[in-house]
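Visitor: File data-v5.pdb follows (PDB, C-alpha atoms, pLDDT in the B column):
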```
ATOM      1  CA  LEU C   1     -14.098  21.826  15.336  1.00 92.00           C
ATOM      2  CA  GLU C   2     -13.265  18.786  17.430  1.00 91.00           C
ATOM      3  CA  ASP C   3      -9.695  17.551  17.881  1.00 87.00           C
ATOM      4  CA  LEU C   4     -10.044  13.765  17.822  1.00 82.00           C
ATOM      5  CA  ASP C   5      -7.809  11.245  19.532  1.00 80.00           C
ATOM      6  CA  LEU C   6      -5.576   9.361  17.090  1.00 79.00           C
ATOM      7  CA  GLY C   7      -6.463   6.025  18.676  1.00 77.00           C
ATOM      8  CA  ASN C   8      -4.591   3.326  16.761  1.00 78.00           C
ATOM      9  CA  LEU C   9      -4.004   5.486  13.684  1.00 81.00           C
ATOM     10  CA  THR C  10      -0.396   5.398  12.543  1.00 84.00           C
ATOM     11  CA  ILE C  11       1.850   6.668   9.818  1.00 87.00           C
ATOM     12  CA  ARG C  12       4.793   4.591   8.690  1.00 90.00           C
ATOM     13  CA  ARG C  13       7.482   5.389   6.140  1.00 95.00           C
ATOM     14  CA  PHE C  14       9.040   2.553   4.189  1.00 95.00           C
ATOM     15  CA  ARG C  15      11.971   2.683   1.800  1.00 97.00           C
ATOM     16  CA  PHE C  16      11.262   0.201  -0.963  1.00 97.00           C
ATOM     17  CA  PRO C  17      14.219  -0.755  -3.184  1.00 98.00           C
ATOM     18  CA  ALA C  18      13.388  -0.998  -6.902  1.00 97.00           C
ATOM     19  CA  GLY C  19      11.438  -4.184  -7.611  1.00 96.00           C
ATOM     20  CA  SER C  20      10.365  -4.832  -4.009  1.00 97.00           C
ATOM     21  CA  ARG C  21       6.797  -5.105  -2.745  1.00 97.00           C
ATOM     22  CA  LEU C  22       4.677  -6.296   0.137  1.00 97.00           C
ATOM     23  CA  GLY C  23       2.522  -9.393  -0.235  1.00 98.00           C
ATOM     24  CA  TRP C  24      -1.227  -9.331  -0.694  1.00 98.00           C
ATOM     25  CA  HIS C  25      -2.865  -8.035   2.485  1.00 97.00           C
ATOM     26  CA  THR C  26      -6.115  -6.550   3.757  1.00 96.00           C
ATOM     27  CA  HIS C  27      -6.680  -3.776   6.300  1.00 93.00           C
ATOM     28  CA  LEU C  28      -9.742  -4.648   8.361  1.00 91.00           C
ATOM     29  CA  ASN C  29     -10.178  -1.618  10.672  1.00 88.00           C
ATOM     30  CA  GLY C  30     -10.494   1.047   7.985  1.00 89.00           C
ATOM     31  CA  PRO C  31      -9.005   2.353   4.757  1.00 93.00           C
ATOM     32  CA  GLN C  32      -5.302   2.842   4.141  1.00 95.00           C
ATOM     33  CA  LEU C  33      -3.837   6.045   2.710  1.00 96.00           C
ATOM     34  CA  LEU C  34      -0.670   5.597   0.658  1.00 97.00           C
ATOM     35  CA  MET C  35       1.599   8.229  -0.858  1.00 97.00           C
ATOM     36  CA  MET C  36       5.034   8.225  -2.436  1.00 98.00           C
ATOM     37  CA  GLU C  37       7.291  10.784  -0.771  1.00 97.00           C
ATOM     38  CA  SER C  38       9.958  10.133  -3.398  1.00 97.00           C
ATOM     39  CA  GLY C  39      10.545   7.729  -6.251  1.00 98.00           C
ATOM     40  CA  GLU C  40       7.832   5.659  -7.893  1.00 97.00           C
ATOM     41  CA  GLY C  41       5.679   2.815  -6.671  1.00 97.00           C
ATOM     42  CA  ARG C  42       3.067   0.319  -7.745  1.00 97.00           C
ATOM     43  CA  LEU C  43      -0.307  -0.594  -6.262  1.00 97.00           C
ATOM     44  CA  GLN C  44      -3.001  -3.104  -7.129  1.00 97.00           C
ATOM     45  CA  GLU C  45      -6.305  -3.917  -5.486  1.00 97.00           C
ATOM     46  CA  GLN C  46      -7.625  -7.429  -6.036  1.00 96.00           C
ATOM     47  CA  GLY C  47      -9.446  -7.530  -9.373  1.00 94.00           C
ATOM     48  CA  GLY C  48      -8.255  -4.031 -10.302  1.00 95.00           C
ATOM     49  CA  PRO C  49      -5.542  -2.675 -12.572  1.00 96.00           C
ATOM     50  CA  VAL C  50      -1.895  -2.252 -11.662  1.00 96.00           C
ATOM     51  CA  ILE C  51      -1.387   1.454 -10.866  1.00 96.00           C
ATOM     52  CA  ASP C  52       1.790   3.537 -10.998  1.00 96.00           C
ATOM     53  CA  MET C  53       2.172   5.518  -7.767  1.00 97.00           C
ATOM     54  CA  LEU C  54       3.748   8.938  -8.281  1.00 97.00           C
ATOM     55  CA  PRO C  55       5.137  11.303  -5.635  1.00 97.00           C
ATOM     56  CA  ASN C  56       2.730  13.578  -3.748  1.00 96.00           C
ATOM     57  CA  VAL C  57      -0.420  11.870  -5.038  1.00 97.00           C
ATOM     58  CA  PRO C  58      -2.668  10.163  -2.435  1.00 97.00           C
ATOM     59  CA  TYR C  59      -3.941   6.633  -3.063  1.00 97.00           C
ATOM     60  CA  VAL C  60      -6.622   5.043  -0.857  1.00 97.00           C
ATOM     61  CA  THR C  61      -7.232   1.327  -0.434  1.00 96.00           C
ATOM     62  CA  PRO C  62     -10.674   0.635   1.091  1.00 96.00           C
ATOM     63  CA  ALA C  63     -11.056  -1.438   4.251  1.00 94.00           C
ATOM     64  CA  GLY C  64     -11.572  -5.115   3.541  1.00 95.00           C
ATOM     65  CA  VAL C  65     -10.077  -5.016   0.018  1.00 97.00           C
ATOM     66  CA  PRO C  66      -7.009  -7.215  -0.586  1.00 98.00           C
ATOM     67  CA  HIS C  67      -4.162  -5.278  -2.203  1.00 98.00           C
ATOM     68  CA  TRP C  68      -0.412  -5.015  -2.534  1.00 98.00           C
ATOM     69  CA  HIS C  69       1.973  -2.076  -2.922  1.00 98.00           C
ATOM     70  CA  GLY C  70       5.671  -1.415  -3.235  1.00 97.00           C
ATOM     71  CA  ALA C  71       8.303   0.108  -5.513  1.00 98.00           C
ATOM     72  CA  ALA C  72       8.245   0.350  -9.281  1.00 97.00           C
ATOM     73  CA  PRO C  73      10.331  -2.272 -11.115  1.00 96.00           C
ATOM     74  CA  ASP C  74      13.094   0.212 -12.014  1.00 95.00           C
ATOM     75  CA  SER C  75      12.701   2.879  -9.313  1.00 95.00           C
ATOM     76  CA  GLY C  76      12.747   2.588  -5.554  1.00 95.00           C
ATOM     77  CA  GLY C  77      11.251   5.169  -3.262  1.00 97.00           C
ATOM     78  CA  VAL C  78       9.921   6.188   0.117  1.00 98.00           C
ATOM     79  CA  GLN C  79       6.263   5.449   0.729  1.00 97.00           C
ATOM     80  CA  TRP C  80       3.929   6.733   3.444  1.00 95.00           C
ATOM     81  CA  ASN C  81       1.398   4.274   4.859  1.00 94.00           C
ATOM     82  CA  ILE C  82      -1.371   5.623   7.094  1.00 92.00           C
ATOM     83  CA  TYR C  83      -3.919   3.227   8.587  1.00 90.00           C
ATOM     84  CA  ASP C  84      -5.900   2.347  11.690  1.00 86.00           C
ATOM     85  CA  GLY C  85      -4.722  -0.657  13.597  1.00 79.00           C
ATOM     86  CA  ILE C  86      -1.121  -0.327  14.718  1.00 72.00           C
ATOM     87  CA  GLY C  87      -0.607  -2.736  17.575  1.00 73.00           C
ATOM     88  CA  VAL C  88      -4.083  -4.228  17.169  1.00 78.00           C
ATOM     89  CA  PRO C  89      -3.824  -7.987  16.559  1.00 76.00           C
ATOM     90  CA  GLY C  90      -5.750  -9.014  13.452  1.00 80.00           C
ATOM     91  CA  SER C  91      -6.114  -5.501  12.009  1.00 86.00           C
ATOM     92  CA  VAL C  92      -4.088  -6.538   8.935  1.00 91.00           C
ATOM     93  CA  ARG C  93      -4.617  -9.936   7.331  1.00 93.00           C
ATOM     94  CA  TRP C  94      -1.516 -11.071   5.441  1.00 95.00           C
ATOM     95  CA  GLU C  95      -2.102 -13.302   2.472  1.00 96.00           C
ATOM     96  CA  ARG C  96       0.104 -14.832  -0.228  1.00 97.00           C
ATOM     97  CA  PRO C  97       3.164 -13.248  -1.867  1.00 98.00           C
ATOM     98  CA  VAL C  98       2.697 -11.225  -5.041  1.00 97.00           C
ATOM     99  CA  THR C  99       3.935 -13.270  -7.988  1.00 96.00           C
ATOM    100  CA  ASP C 100       6.440 -11.860 -10.462  1.00 96.00           C
ATOM    101  CA  GLU C 101       3.746 -12.172 -13.141  1.00 95.00           C
ATOM    102  CA  GLU C 102       1.334 -10.008 -11.096  1.00 95.00           C
ATOM    103  CA  TYR C 103       4.009  -7.464 -10.218  1.00 96.00           C
ATOM    104  CA  ASN C 104       5.419  -7.164 -13.733  1.00 95.00           C
ATOM    105  CA  ALA C 105       2.012  -6.900 -15.437  1.00 93.00           C
ATOM    106  CA  PRO C 106       1.688  -3.775 -17.580  1.00 84.00           C
ATOM    107  CA  VAL C 107       0.278  -0.767 -15.767  1.00 88.00           C
ATOM    108  CA  GLY C 108      -3.474  -0.685 -16.309  1.00 86.00           C
ATOM    109  CA  SER C 109      -3.804  -4.452 -16.661  1.00 81.00           C
ATOM    110  CA  ARG C 110      -5.774  -6.605 -14.253  1.00 81.00           C
TER     111      ARG C 110
END
```
Kindly present the structure from the file in structure tokens form.
Guide:
Amino acid sequence: LEDLDLGNLTIRRFRFPAGSRLGWHTHLNGPQLLMMESGEGRLQEQGGPVIDMLPNVPYVTPAGVPHWHGAAPDSGGVQWNIYDGIGVPGSVRWERPVTDEEYNAPVGSR
């Protein structure tokens, strides 16, 4: 057993009001672990289906894969975000906003 230094690993908690979301972005230093503490959320990786995020279920976005995440259209919630790169310039590349069409696509659609 080796207790490793946390380095730039961070956990953040965000309260997303119903219908809100982050824009498309990419984590470059490593994967991101997401989990809903309460409420419901949505997640989509570029080219993949829209996914409902439910409480206490982990979701992983791989490093280098553009994605977005936020609240469900009719339910806000608290979301955990764990990733490597807090305070490291360039560790997250922010891209364009998520369109209403992308956000409101049926779950499971691409």
Visitor: So which residues touch segment 52-59 of chain C within 8 Å, counting only C-alpha atoms, skipping near sequence neighbours fewer than 6 positions away, as JSON, numbers by chain?
Guide: {"C": [33, 34, 35, 36, 37, 38, 39, 40, 41, 42, 43, 72, 107]}
Visitor: Atom CA of His67 of chain C to atom CA of Pro97 of chain C: how many Å, to one decimal?
Guide: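 Those two atoms sit 10.8 Å apart.
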Visitor: When distances are computed from only C-alpha atoms, which of C:Ala105, C:Asn29, C:Gly90, C:Glu45 shows the smallest separation from Leu9 of chain C?
Guide: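 Using only C-alpha atoms, Leu9 of chain C sits closest to C:Asn29.
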Visitor: Pick the closest to Pro66 of chain C from C:Ile51, C:Val78, C:Ile86, C:Val98: which is it, counting only C-alpha atoms?
Guide: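 So, comparing all the options, the nearest one is C:Val98.
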Visitor: Name the residues that the PyMOL selection byres ((chain C and resi 95) around 6) pulls out of this structure, and write them as a PyMOL selection string.
Guide: chain C and resi 24-25+94+96
Visitor: Write the residues of the preceding selection, restricted to C-alpha atoms, as a PDB file, in the frame of the given file.
Guide:
```pdb
ATOM      1  CA  TRP C  24      -1.227  -9.331  -0.694  1.00 98.00           C
ATOM      2  CA  HIS C  25      -2.865  -8.035   2.485  1.00 97.00           C
ATOM      3  CA  TRP C  94      -1.516 -11.071   5.441  1.00 95.00           C
ATOM      4  CA  ARG C  96       0.104 -14.832  -0.228  1.00 97.00           C
TER       5      ARG C  96
END
```
Visitor: One decimal, in Å: what's the spacing between atom CA of Gly85 of chain C and atom CA of Arg110 of chain C?
Guide: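 Interatomic distance here is 28.5 Å.
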Visitor: Counting all atoms listed in the file, which residue out of C:Val50, C:Gln44, C:Ser91, C:Asn81 sits closest to Ala63 of chain C?
Guide: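 Using all atoms listed in the file, the shortest distance to Ala63 of chain C belongs to C:Ser91.
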Visitor: Just to confirm, what's the straight-line distance from atom CA of Arg93 of chain C to atom CA of Thr26 of chain C in Å (one decimal)?
Guide: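 Pair atom CA of Arg93 of chain C / atom CA of Thr26 of chain C returns 5.1 Å.
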Visitor: Point out the residue among C:His69, C:Tyr103, C:Gly87, C:Val92 with the least atom-to-atom distance to Leu22 of chain C, counting all atoms listed in the file.
Guide: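 Closest candidate: C:His69.
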Visitor: Rank C:Ala18, C:Val60, C:Pro73, C:Leu28 by their smallest atom-to-atom distance to Glu102 of chain C, using only C-alpha atoms, and report the top residue only.
Guide: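 Answer, going by the shortest atom-to-atom distance: C:Pro73.
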Visitor: Between C:Leu1, C:Gly48, C:Trp80, C:Gly7, which has the minimum distance to Gln32 of chain C (counting only C-alpha atoms)?
Guide: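 Among the listed residues, C:Trp80 lies closest to Gln32 of chain C.
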Visitor: Given the file shown, determine the residues that the PyMOL selection byres ((chain C and resi 17) around 7) selects; report them as a VMD selection string.
Guide: chain C and resid 15 to 16 18 to 20 71 76 to 77
